[in-house]
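So this block is input04.pdb, PDB, C-alpha atoms and all ligand atoms:
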```
ATOM      1  CA  MET A 768     -31.266 -67.188 123.608
ATOM      2  CA  GLN A 769     -29.564 -64.441 121.588
ATOM      3  CA  ASP A 770     -31.317 -62.346 118.926
ATOM      4  CA  PHE A 771     -31.245 -63.693 115.413
ATOM      5  CA  GLU A 772     -31.256 -61.824 112.109
ATOM      6  CA  THR A 773     -33.545 -64.251 110.271
ATOM      7  CA  LEU A 774     -35.541 -65.945 113.052
ATOM      8  CA  LEU A 775     -37.921 -65.026 115.849
ATOM      9  CA  ILE A 776     -37.536 -67.214 118.894
ATOM     10  CA  GLU A 777     -39.789 -67.640 121.901
ATOM     11  CA  THR A 778     -40.901 -70.253 124.373
ATOM     12  CA  ARG A 779     -44.563 -70.852 125.161
ATOM     13  CA  GLY A 780     -44.627 -72.935 128.329
ATOM     14  CA  ASP A 781     -42.516 -75.968 127.537
ATOM     15  CA  VAL A 782     -42.709 -75.488 123.743
ATOM     16  CA  GLY A 783     -39.995 -73.767 121.739
ATOM     17  CA  LEU A 784     -41.345 -71.673 118.859
ATOM     18  CA  ILE A 785     -39.124 -70.693 115.936
ATOM     19  CA  THR A 786     -40.528 -68.394 113.251
ATOM     20  CA  LEU A 787     -38.651 -67.902 109.997
ATOM     21  CA  ASN A 788     -38.461 -64.153 109.521
ATOM     22  CA  ARG A 789     -37.312 -62.986 106.086
ATOM     23  CA  PRO A 790     -40.710 -61.736 104.903
ATOM     24  CA  LYS A 791     -39.381 -59.706 101.950
ATOM     25  CA  ALA A 792     -37.747 -62.832 100.486
ATOM     26  CA  LEU A 793     -40.684 -65.146 101.361
ATOM     27  CA  ASN A 794     -38.392 -66.764 103.941
ATOM     28  CA  ALA A 795     -35.915 -67.928 101.298
ATOM     29  CA  LEU A 796     -33.373 -70.140 103.018
ATOM     30  CA  ASN A 797     -29.927 -68.578 102.822
ATOM     31  CA  SER A 798     -26.790 -69.582 104.696
ATOM     32  CA  THR A 799     -27.656 -67.247 107.594
ATOM     33  CA  VAL A 800     -31.013 -69.004 108.081
ATOM     34  CA  MET A 801     -29.218 -72.347 107.990
ATOM     35  CA  ARG A 802     -26.664 -71.283 110.587
ATOM     36  CA  GLU A 803     -29.187 -69.594 112.873
ATOM     37  CA  LEU A 804     -31.793 -72.348 112.650
ATOM     38  CA  THR A 805     -29.184 -74.985 113.454
ATOM     39  CA  GLN A 806     -28.093 -72.929 116.459
ATOM     40  CA  ALA A 807     -31.661 -72.299 117.684
ATOM     41  CA  LEU A 808     -32.626 -75.957 117.384
ATOM     42  CA  ARG A 809     -29.470 -77.078 119.137
ATOM     43  CA  SER A 810     -30.226 -74.657 121.936
ATOM     44  CA  PHE A 811     -33.842 -75.895 122.342
ATOM     45  CA  ASP A 812     -32.610 -79.487 122.104
ATOM     46  CA  GLY A 813     -30.323 -78.862 125.072
ATOM     47  CA  ASP A 814     -32.870 -76.874 127.109
ATOM     48  CA  PRO A 815     -34.481 -79.083 129.782
ATOM     49  CA  GLN A 816     -37.489 -76.735 129.943
ATOM     50  CA  VAL A 817     -38.391 -77.453 126.292
ATOM     51  CA  GLY A 818     -40.192 -80.675 125.352
ATOM     52  CA  ALA A 819     -41.146 -80.012 121.723
ATOM     53  CA  ILE A 820     -40.547 -77.423 119.022
ATOM     54  CA  VAL A 821     -42.766 -75.682 116.452
ATOM     55  CA  LEU A 822     -41.229 -74.279 113.263
ATOM     56  CA  ALA A 823     -43.403 -71.745 111.455
ATOM     57  CA  GLY A 824     -43.124 -69.239 108.627
ATOM     58  CA  SER A 825     -45.435 -66.381 107.655
ATOM     59  CA  GLU A 826     -48.999 -66.645 106.397
ATOM     60  CA  LYS A 827     -47.845 -66.191 102.775
ATOM     61  CA  ALA A 828     -44.804 -68.449 102.916
ATOM     62  CA  PHE A 829     -43.411 -71.120 105.172
ATOM     63  CA  ALA A 830     -40.345 -70.821 102.901
ATOM     64  CA  ALA A 831     -40.124 -70.328  99.122
ATOM     65  CA  GLY A 832     -36.973 -72.420  98.815
ATOM     66  CA  ALA A 833     -33.236 -72.117  99.032
ATOM     67  CA  ASP A 834     -32.129 -68.555  98.321
ATOM     68  CA  ILE A 835     -31.793 -68.362  94.548
ATOM     69  CA  LYS A 836     -29.999 -64.998  94.722
ATOM     70  CA  GLU A 837     -27.329 -66.527  96.943
ATOM     71  CA  MET A 838     -26.960 -69.661  94.796
ATOM     72  CA  GLN A 839     -27.047 -68.035  91.353
ATOM     73  CA  PRO A 840     -23.298 -67.130  91.125
ATOM     74  CA  VAL A 841     -21.993 -70.378  92.665
ATOM     75  CA  ASN A 842     -19.844 -72.627  90.460
ATOM     76  CA  PHE A 843     -19.485 -76.405  90.677
ATOM     77  CA  VAL A 844     -16.115 -76.490  92.419
ATOM     78  CA  ASP A 845     -17.260 -74.140  95.182
ATOM     79  CA  ALA A 846     -20.579 -75.986  95.532
ATOM     80  CA  TYR A 847     -18.712 -79.260  95.880
ATOM     81  CA  LEU A 848     -15.894 -78.062  98.140
ATOM     82  CA  ASP A 849     -18.274 -76.118 100.410
ATOM     83  CA  ASP A 850     -20.798 -79.000 100.310
ATOM     84  CA  LEU A 851     -23.538 -76.556  99.256
ATOM     85  CA  LEU A 852     -26.744 -77.233 101.277
ATOM     86  CA  GLY A 853     -25.017 -80.071 103.182
ATOM     87  CA  GLY A 854     -25.296 -78.183 106.485
ATOM     88  CA  TRP A 855     -29.105 -78.466 106.441
ATOM     89  CA  GLU A 856     -28.892 -82.113 107.481
ATOM     90  CA  ALA A 857     -28.132 -80.860 111.014
ATOM     91  CA  ILE A 858     -31.810 -79.884 111.297
ATOM     92  CA  ALA A 859     -32.907 -83.500 110.958
ATOM     93  CA  ALA A 860     -30.484 -84.480 113.741
ATOM     94  CA  THR A 861     -32.594 -82.613 116.320
ATOM     95  CA  ARG A 862     -33.670 -85.141 118.952
ATOM     96  CA  LYS A 863     -36.781 -83.393 120.256
ATOM     97  CA  PRO A 864     -39.890 -83.475 118.071
ATOM     98  CA  ILE A 865     -40.349 -80.590 115.645
ATOM     99  CA  ILE A 866     -43.746 -79.769 114.155
ATOM    100  CA  ALA A 867     -43.728 -77.760 110.918
ATOM    101  CA  ALA A 868     -46.631 -75.290 110.840
ATOM    102  CA  VAL A 869     -46.959 -74.606 107.119
ATOM    103  CA  SER A 870     -48.974 -71.748 105.678
ATOM    104  CA  GLY A 871     -48.573 -70.559 102.080
ATOM    105  CA  TYR A 872     -45.611 -71.632  99.986
ATOM    106  CA  ALA A 873     -43.394 -74.539 101.026
ATOM    107  CA  LEU A 874     -41.341 -74.861  97.856
ATOM    108  CA  GLY A 875     -38.000 -76.458  97.084
ATOM    109  CA  GLY A 876     -35.890 -76.167 100.223
ATOM    110  CA  GLY A 877     -39.026 -74.961 102.058
ATOM    111  CA  CYS A 878     -40.809 -78.240 101.365
ATOM    112  CA  GLU A 879     -37.608 -80.103 102.194
ATOM    113  CA  LEU A 880     -37.229 -78.228 105.492
ATOM    114  CA  ALA A 881     -40.842 -79.067 106.405
ATOM    115  CA  MET A 882     -40.074 -82.714 105.636
ATOM    116  CA  MET A 883     -37.038 -82.638 107.953
ATOM    117  CA  CYS A 884     -39.493 -81.875 110.753
ATOM    118  CA  ASP A 885     -41.349 -84.772 112.382
ATOM    119  CA  PHE A 886     -44.758 -83.925 111.020
ATOM    120  CA  ILE A 887     -46.473 -81.178 109.124
ATOM    121  CA  ILE A 888     -49.638 -79.355 110.122
ATOM    122  CA  ALA A 889     -50.776 -77.334 107.110
ATOM    123  CA  ALA A 890     -53.100 -74.388 106.693
ATOM    124  CA  GLU A 891     -55.719 -74.687 103.945
ATOM    125  CA  ASN A 892     -53.730 -72.236 101.802
ATOM    126  CA  ALA A 893     -50.490 -74.272 101.955
ATOM    127  CA  LYS A 894     -48.773 -75.141  98.680
ATOM    128  CA  PHE A 895     -46.034 -77.727  98.419
ATOM    129  CA  GLY A 896     -43.671 -78.312  95.524
ATOM    130  CA  GLN A 897     -40.179 -79.093  94.322
ATOM    131  CA  PRO A 898     -39.763 -76.548  91.495
ATOM    132  CA  GLU A 899     -35.958 -76.898  91.221
ATOM    133  CA  ILE A 900     -36.268 -78.439  87.753
ATOM    134  CA  THR A 901     -37.568 -75.079  86.479
ATOM    135  CA  LEU A 902     -34.229 -73.542  87.590
ATOM    136  CA  GLY A 903     -32.104 -76.139  85.810
ATOM    137  CA  VAL A 904     -31.287 -78.095  88.987
ATOM    138  CA  ILE A 905     -32.860 -80.795  91.143
ATOM    139  CA  PRO A 906     -33.837 -80.903  94.843
ATOM    140  CA  GLY A 907     -30.733 -80.651  97.025
ATOM    141  CA  MET A 908     -32.028 -80.799 100.601
ATOM    142  CA  GLY A 909     -33.695 -84.210 100.515
ATOM    143  CA  GLY A 910     -36.661 -83.686  98.158
ATOM    144  CA  SER A 911     -35.964 -86.668  95.945
ATOM    145  CA  GLN A 912     -35.536 -88.925  98.989
ATOM    146  CA  ARG A 913     -37.883 -87.739 101.759
ATOM    147  CA  LEU A 914     -40.707 -86.787  99.380
ATOM    148  CA  THR A 915     -40.518 -90.181  97.677
ATOM    149  CA  ARG A 916     -40.681 -91.940 101.048
ATOM    150  CA  ALA A 917     -43.595 -89.729 102.118
ATOM    151  CA  VAL A 918     -45.802 -89.817  99.022
ATOM    152  CA  GLY A 919     -44.460 -92.700  96.918
ATOM    153  CA  LYS A 920     -42.641 -92.744  93.607
ATOM    154  CA  ALA A 921     -45.527 -91.776  91.304
ATOM    155  CA  LYS A 922     -46.379 -88.481  92.958
ATOM    156  CA  ALA A 923     -42.771 -87.668  93.847
ATOM    157  CA  MET A 924     -41.777 -88.105  90.190
ATOM    158  CA  ASP A 925     -44.738 -85.980  89.088
ATOM    159  CA  LEU A 926     -43.762 -83.147  91.449
ATOM    160  CA  VAL A 927     -39.993 -83.314  90.962
ATOM    161  CA  LEU A 928     -40.112 -83.666  87.152
ATOM    162  CA  THR A 929     -42.839 -81.111  86.418
ATOM    163  CA  GLY A 930     -42.137 -78.693  89.271
ATOM    164  CA  ARG A 931     -45.899 -78.255  89.847
ATOM    165  CA  MET A 932     -47.314 -77.314  93.229
ATOM    166  CA  MET A 933     -49.822 -79.390  95.205
ATOM    167  CA  ASP A 934     -52.341 -77.854  97.549
ATOM    168  CA  ALA A 935     -52.882 -78.835 101.181
ATOM    169  CA  ALA A 936     -55.729 -81.258 100.392
ATOM    170  CA  GLU A 937     -53.628 -83.159  97.836
ATOM    171  CA  ALA A 938     -50.648 -83.153 100.203
ATOM    172  CA  GLU A 939     -52.778 -84.604 102.996
ATOM    173  CA  ARG A 940     -54.262 -87.282 100.707
ATOM    174  CA  ALA A 941     -50.737 -88.179  99.615
ATOM    175  CA  GLY A 942     -49.520 -88.589 103.200
ATOM    176  CA  LEU A 943     -47.168 -85.603 103.292
ATOM    177  CA  VAL A 944     -49.326 -83.628 105.714
ATOM    178  CA  ALA A 945     -50.643 -84.913 109.053
ATOM    179  CA  ARG A 946     -53.509 -82.442 109.493
ATOM    180  CA  ILE A 947     -55.088 -79.471 107.710
ATOM    181  CA  VAL A 948     -56.512 -76.549 109.658
ATOM    182  CA  SER A 949     -57.677 -73.041 108.818
ATOM    183  CA  ALA A 950     -54.929 -70.428 108.450
ATOM    184  CA  GLU A 951     -56.201 -68.654 111.589
ATOM    185  CA  ARG A 952     -55.972 -71.853 113.668
ATOM    186  CA  LEU A 953     -52.597 -73.027 112.348
ATOM    187  CA  LEU A 954     -50.219 -71.748 115.003
ATOM    188  CA  GLU A 955     -52.610 -72.519 117.851
ATOM    189  CA  GLU A 956     -53.113 -76.098 116.619
ATOM    190  CA  ALA A 957     -49.351 -76.661 116.180
ATOM    191  CA  LEU A 958     -48.610 -75.221 119.624
ATOM    192  CA  GLU A 959     -51.340 -77.371 121.202
ATOM    193  CA  ALA A 960     -49.943 -80.516 119.543
ATOM    194  CA  ALA A 961     -46.440 -79.581 120.696
ATOM    195  CA  ALA A 962     -47.659 -78.903 124.241
ATOM    196  CA  LYS A 963     -49.343 -82.319 124.285
ATOM    197  CA  ILE A 964     -46.052 -83.936 123.213
ATOM    198  CA  ALA A 965     -44.100 -81.907 125.780
ATOM    199  CA  SER A 966     -46.434 -83.107 128.545
ATOM    200  CA  SER A 967     -45.531 -86.772 127.946
ATOM    201  CA  SER A 968     -42.480 -88.565 129.285
ATOM    202  CA  ARG A 969     -39.423 -86.992 127.615
ATOM    203  CA  VAL A 970     -37.534 -90.291 127.382
ATOM    204  CA  ALA A 971     -40.514 -92.046 125.775
ATOM    205  CA  VAL A 972     -41.057 -89.165 123.338
ATOM    206  CA  LEU A 973     -37.439 -89.186 122.166
ATOM    207  CA  MET A 974     -37.467 -92.956 121.803
ATOM    208  CA  ALA A 975     -40.759 -92.833 119.889
ATOM    209  CA  LYS A 976     -39.306 -90.301 117.432
ATOM    210  CA  ASP A 977     -36.156 -92.366 117.053
ATOM    211  CA  ALA A 978     -38.107 -95.575 116.454
ATOM    212  CA  VAL A 979     -40.418 -94.089 113.807
ATOM    213  CA  ASN A 980     -37.485 -92.480 111.992
ATOM    214  CA  ARG A 981     -35.651 -95.796 111.848
ATOM    215  CA  ALA A 982     -38.554 -97.303 109.900
ATOM    216  CA  ASP A 983     -37.140 -95.633 106.764
ATOM    217  CA  GLU A 984     -33.696 -97.068 107.320
ATOM    218  CA  LEU A 985     -34.023-100.604 108.707
ATOM    219  CA  THR A 986     -35.473-103.862 107.462
ATOM    220  CA  LEU A 987     -38.809-104.764 109.090
ATOM    221  CA  ALA A 988     -37.179-107.449 111.262
ATOM    222  CA  GLU A 989     -34.447-105.081 112.479
ATOM    223  CA  GLY A 990     -36.951-102.275 113.024
ATOM    224  CA  LEU A 991     -39.269-104.506 115.049
ATOM    225  CA  ARG A 992     -36.358-105.697 117.166
ATOM    226  CA  LEU A 993     -35.201-102.128 117.798
ATOM    227  CA  GLU A 994     -38.742-101.073 118.722
ATOM    228  CA  ARG A 995     -39.141-103.952 121.164
ATOM    229  CA  ARG A 996     -35.785-103.270 122.843
ATOM    230  CA  LEU A 997     -36.621 -99.570 123.212
ATOM    231  CA  PHE A 998     -40.077-100.487 124.560
ATOM    232  CA  GLN A 999     -38.518-102.877 127.085
ATOM    233  CA  SER A1000     -35.904-100.323 128.152
ATOM    234  CA  LEU A1001     -38.651 -97.850 129.105
ATOM    235  CA  PHE A1002     -39.558-100.169 131.988
ATOM    236  CA  ALA A1003     -36.393 -98.863 133.656
ATOM    237  CA  THR A1004     -37.935 -95.368 133.877
ATOM    238  CA  ALA A1005     -39.903 -93.790 136.694
ATOM    239  CA  ASP A1006     -42.248 -92.412 134.031
ATOM    240  CA  GLN A1007     -43.362 -95.921 133.023
ATOM    241  CA  LYS A1008     -44.175 -96.674 136.662
ATOM    242  CA  GLU A1009     -46.004 -93.360 137.008
ATOM    243  CA  GLY A1010     -47.857 -93.610 133.672
ATOM    244  CA  MET A1011     -49.212 -97.081 134.361
ATOM    245  CA  ALA A1012     -49.955 -96.377 138.055
ATOM    246  CA  ALA A1013     -51.879 -93.247 137.023
ATOM    247  CA  PHE A1014     -53.955 -95.319 134.584
ATOM    248  CA  MET A1015     -54.776 -97.875 137.276
ATOM    249  CA  GLU A1016     -55.662 -95.138 139.762
ATOM    250  CA  LYS A1017     -57.773 -93.282 137.129
ATOM    251  CA  ARG A1018     -55.796 -90.043 137.438
ATOM    252  CA  LYS A1019     -53.543 -87.962 135.196
ATOM    253  CA  PRO A1020     -49.881 -88.990 135.199
ATOM    254  CA  ASP A1021     -47.314 -86.666 136.674
ATOM    255  CA  PHE A1022     -44.223 -87.372 134.593
ATOM    256  CA  THR A1023     -40.822 -86.317 135.898
ATOM    257  CA  ASN A1024     -38.820 -87.174 132.777
ATOM    258  CA  ARG A1025     -36.795 -89.675 134.772
TER     259      ARG A1025
HETATM  260  N1  LIG B1101     -34.857 -67.239  96.691
HETATM  261  C1  LIG B1101     -34.618 -65.918  96.757
HETATM  262  N2  LIG B1101     -35.587 -64.993  96.715
HETATM  263  C2  LIG B1101     -36.848 -65.426  96.617
HETATM  264  C3  LIG B1101     -37.177 -66.782  96.544
HETATM  265  C4  LIG B1101     -36.111 -67.723  96.592
HETATM  266  N3  LIG B1101     -36.311 -69.037  96.583
HETATM  267  N4  LIG B1101     -38.517 -66.907  96.432
HETATM  268  C5  LIG B1101     -39.008 -65.670  96.438
HETATM  269  N5  LIG B1101     -38.015 -64.764  96.551
HETATM  270  C6  LIG B1101     -38.107 -63.302  96.573
HETATM  271  C7  LIG B1101     -38.396 -62.751  95.198
HETATM  272  O1  LIG B1101     -37.220 -62.638  94.458
HETATM  273  C8  LIG B1101     -38.998 -61.414  95.554
HETATM  274  O2  LIG B1101     -37.959 -60.532  95.894
HETATM  275  P1  LIG B1101     -37.855 -59.066  95.210
HETATM  276  O3  LIG B1101     -39.067 -58.362  95.733
HETATM  277  O4  LIG B1101     -36.564 -58.530  95.727
HETATM  278  O5  LIG B1101     -37.913 -59.280  93.747
HETATM  279  C9  LIG B1101     -39.774 -61.706  96.839
HETATM  280  O6  LIG B1101     -39.225 -62.902  97.346
HETATM  281  C10 LIG B1101     -41.255 -61.935  96.590
HETATM  282  O7  LIG B1101     -41.381 -62.951  95.596
HETATM  283  P2  LIG B1101     -42.301 -62.804  94.305
HETATM  284  O8  LIG B1101     -42.387 -61.365  93.885
HETATM  285  O9  LIG B1101     -41.814 -63.783  93.284
HETATM  286  O10 LIG B1101     -43.707 -63.247  94.925
HETATM  287  P3  LIG B1101     -44.937 -63.904  94.143
HETATM  288  O11 LIG B1101     -46.065 -63.895  95.105
HETATM  289  O12 LIG B1101     -45.125 -63.252  92.817
HETATM  290  O13 LIG B1101     -44.495 -65.423  93.831
HETATM  291  C11 LIG B1101     -43.514 -67.561  94.378
HETATM  292  C12 LIG B1101     -44.305 -66.325  94.889
HETATM  293  C13 LIG B1101     -44.382 -68.363  93.390
HETATM  294  C14 LIG B1101     -43.203 -68.422  95.597
HETATM  295  C15 LIG B1101     -42.214 -67.101  93.678
HETATM  296  O14 LIG B1101     -41.530 -66.200  94.535
HETATM  297  C16 LIG B1101     -41.268 -68.219  93.338
HETATM  298  O15 LIG B1101     -41.490 -68.931  92.372
HETATM  299  N6  LIG B1101     -40.156 -68.362  94.110
HETATM  300  C17 LIG B1101     -39.128 -69.324  93.853
HETATM  301  C18 LIG B1101     -39.577 -70.737  94.212
HETATM  302  C19 LIG B1101     -38.472 -71.732  93.893
HETATM  303  O16 LIG B1101     -38.095 -71.918  92.763
HETATM  304  N7  LIG B1101     -37.957 -72.406  94.945
HETATM  305  C20 LIG B1101     -36.904 -73.376  94.795
HETATM  306  C21 LIG B1101     -35.576 -72.729  95.055
HETATM  307  S1  LIG B1101     -34.210 -73.794  94.687
HETATM  308  C22 LIG B1101     -34.108 -74.832  96.010
HETATM  309  O17 LIG B1101     -34.853 -74.736  96.955
HETATM  310  C23 LIG B1101     -33.044 -75.865  95.915
HETATM  311  C24 LIG B1101     -33.138 -76.929  96.953
HETATM  312  O18 LIG B1101     -33.518 -78.045  96.736
HETATM  313  C25 LIG B1101     -32.732 -76.682  98.308
END
```
Could you rewrite the structure in this file as structure tokens?
Amino acid sequence: MQDFETLLIETRGDVGLITLNRPKALNALNSTVMRELTQALRSFDGDPQVGAIVLAGSEKAFAAGADIKEMQPVNFVDAYLDDLLGGWEAIAATRKPIIAAVSGYALGGGCELAMMCDFIIAAENAKFGQPEITLGVIPGMGGSQRLTRAVGKAKAMDLVLTGRMMDAAEAERAGLVARIVSAERLLEEALEAAAKIASSSRVAVLMAKDAVNRADELTLAEGLRLERRLFQSLFATADQKEGMAAFMEKRKPDFTNR
């Protein structure tokens, strides 16, 4: 993959690692980050060697929000015509699982970017918030929708209306964060979780992600039907045969992603 101005990219085995790299701006999310991150994710999505992706920031900040310096001069007509922040939705269209490894600030667009990932592993020093209201605006990258689905209306209203931050423990209690680890262990833990995902059948992993994501969009009856059809369709894969044979033979499965 090419070099990026705002990202560091590497692969560790079959895991793609993307590190936001604008340390002086606490990884504020400008249009270059949006363009490069979309490109990097698309490239990992299409790379058969990669089974899962980790998105990380720095120890001080996962990302402190959309870039306020870039947004400050924008007027309504330009925001509307250019669909300001609309391009970020491409991140959530990534088909392979993305784990957000969050240390430090995940504010505004930073919290929203973490929520576009499939789950969040947080360091003990992580701080989440939607402080847009303090700037005279509201969340614009999904905060009012994804946060409400993740933590419920009461806490989402509290965070969005007051702009206060919540720490990692509160975020985990509220259901926003999957696991909390020490800051030193964060990247290792996220990479291990991603490697575990990458070692499973690729088709099953993508279907599992798809099925869970549909839970927010479908009625229970439609969601259950979709899940069952996806489950049944996996019996057409060699990996289902291998996974179940390996269980019966008390050995580790050797998935071929077919
Ligand atoms: N945009 C642009 N620059 C930012 C930024 C942001 N969101 N957040 C931090 N920075 C810059 C600061 O301007 C500063 O740059 P300079 O040295 O050039 O002045 C540098 O990063 C370091 O920041 P601070 O000196 O402020 O660091 P701190 O440790 O004192 O405070 C902080 C940390 C509490 C996170 C503080 O930086 C802060 O409040 N940042 C803004 C958070 C915010 O409001 N985010 C929401 C943005 S709007 C949005 O995201 C809309 C949306 O829904 C998508």
(request) Using only C-alpha atoms and all ligand atoms, find the one residue out of A:Met1015, A:Leu848, A:Ile900, A:Leu874 that sits nearest to ligand LIG 1101 (chain B). (result)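 The closest residue to ligand LIG 1101 (chain B) is A:Leu874.
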(request) Could you check how far atom CA of A:Val927 sits from atom CA of A:Gly942, in Å to one decimal? (result)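 Interatomic distance, atom CA of A:Val927 to atom CA of A:Gly942: 16.4 Å.
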Skipping near chain neighbours, those fewer than 4 positions away, what residues fall within 8 Å of stretch 836-841 of chain A using all atoms listed in the file, listed as a compact mmCIF listing (two decimals) with C-alpha atoms, in the coordinates of the input?
```txt
# COMPACT_ATOMS: atom_id res chain seq x y z
CA ASN A 797 -29.93 -68.58 102.82
CA ASP A 845 -17.26 -74.14 95.18
CA ALA A 846 -20.58 -75.99 95.53
```
(request) Decode the PyMOL selection byres (((not hetatm)) within 6 of (chain B and resi 1101)) for the given file into explicit residues and return them as a list in words. (result)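 Expected selection for the PyMOL selection byres (((not hetatm)) within 6 of (chain B and resi 1101)) here is Lys791, Ala792, Leu793, Ala795, Ala831, Gly832, Ala833, Asp834, Ile835, Lys836, Tyr872, Leu874, Gly875, Gly876, Pro898, Glu899, Pro906, Gly907 and Met908 of chain A.
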(request) Choose the residue, out of A:Gly824, A:Pro815, A:Gly871, A:Gly910, that has the smallest atom-to-atom separation from A:Val970; count all atoms listed in the file. (result)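 Going through A:Gly824, A:Pro815, A:Gly871, A:Gly910 one by one, the smallest distance to A:Val970 is for A:Pro815.
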(request) For atom CA of A:Arg940 and atom CA of A:Gly903, determine how far apart the two atoms are, in Å to one decimal place. (result)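 Distance reported for this atom pair: 28.9 Å.
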(request) Would you list the contacts of A:Ala873 as a ChimeraX atom specification, taking every protein, DNA or RNA residue within 6 Å and counting all atoms listed in the file, but skipping same-chain residues closer than 5 positions in sequence? (result) /A:829-831,878,894-895
(message) For a test of reading the model, state the distance in Å between atom CA of A:Ala960 and atom CA of A:Asn1024, rounded to one decimal.
(response)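 Atom-to-atom, atom CA of A:Ala960 to atom CA of A:Asn1024, that is 18.5 Å.
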(request) In the coordinate frame of the file, compute which residues have an atom within 10 Å of (-24.8, -76.2, 114.3) when using all atoms listed in the file, and state them as a list of chain:residue names. (result) A:Met801, A:Arg802, A:Glu803, A:Leu804, A:Thr805, A:Gln806, A:Ala807, A:Leu808, A:Arg809, A:Ser810, A:Gly854, A:Trp855, A:Glu856, A:Ala857, A:Ile858
(message) What's around stretch 863-866 of chain A at 7 Å? Count all atoms listed in the file, leave out sequence neighbours fewer than 5 positions away in its own chain, and write the answer as a PyMOL selection string.
(response) chain A and resi 812+818-822+884-887+957+973+976
(message) If the PyMOL selection byres (((chain A and resi 956) around 12) and not hetatm) were run on this exact file, what residues would it hold? Put them as a VMD selection string.
(response) chain A and resid 821 823 866 to 869 887 to 890 945 to 955 957 to 963
(request) Please write as a list in words the full residue list that the PyMOL selection byres (((chain A and resi 984-999) around 12) and not hetatm) yields on this file. (result)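 With the PyMOL selection byres (((chain A and resi 984-999) around 12) and not hetatm) on this model, the match is Gln912, Arg913, Arg916, Val970, Ala971, Val972, Leu973, Met974, Ala975, Lys976, Asp977, Ala978, Val979, Asn980, Arg981, Ala982, Asp983, Ser1000, Leu1001, Phe1002, Ala1003, Thr1004 and Gln1007 of chain A.
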Could you add whatever atoms are missing so that stretch 962-966 of chain A carries all heavy atoms, then write the result as a short mmCIF file (atom, residue, chain, number, x, y, z; two decimals), keeping the file's coordinate frame?
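Saved the output as part00.cif:
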```
data_model
loop_
_atom_site.label_atom_id
_atom_site.label_comp_id
_atom_site.auth_asym_id
_atom_site.auth_seq_id
_atom_site.Cartn_x
_atom_site.Cartn_y
_atom_site.Cartn_z
N ALA A 962 -47.50 -78.90 122.78
CA ALA A 962 -47.66 -78.90 124.24
C ALA A 962 -48.07 -80.29 124.72
O ALA A 962 -47.64 -80.76 125.78
CB ALA A 962 -48.69 -77.86 124.66
N LYS A 963 -48.92 -80.96 123.92
CA LYS A 963 -49.34 -82.32 124.28
C LYS A 963 -48.11 -83.24 124.31
O LYS A 963 -47.93 -84.03 125.23
CB LYS A 963 -50.37 -82.79 123.25
CG LYS A 963 -50.87 -84.18 123.41
CD LYS A 963 -52.16 -84.17 124.24
CE LYS A 963 -52.72 -85.56 124.47
NZ LYS A 963 -52.10 -86.29 125.54
N ILE A 964 -47.28 -83.12 123.28
CA ILE A 964 -46.05 -83.94 123.21
C ILE A 964 -45.15 -83.63 124.41
O ILE A 964 -44.62 -84.53 125.07
CB ILE A 964 -45.30 -83.68 121.89
CG1 ILE A 964 -46.14 -84.20 120.71
CG2 ILE A 964 -43.91 -84.32 121.91
CD1 ILE A 964 -45.65 -83.73 119.35
N ALA A 965 -45.01 -82.33 124.70
CA ALA A 965 -44.10 -81.91 125.78
C ALA A 965 -44.59 -82.38 127.14
O ALA A 965 -43.81 -82.47 128.09
CB ALA A 965 -43.94 -80.39 125.77
N SER A 966 -45.90 -82.68 127.25
CA SER A 966 -46.43 -83.11 128.54
C SER A 966 -46.21 -84.61 128.79
O SER A 966 -46.46 -85.10 129.89
CB SER A 966 -47.93 -82.79 128.64
OG SER A 966 -48.66 -83.69 127.83
#
```
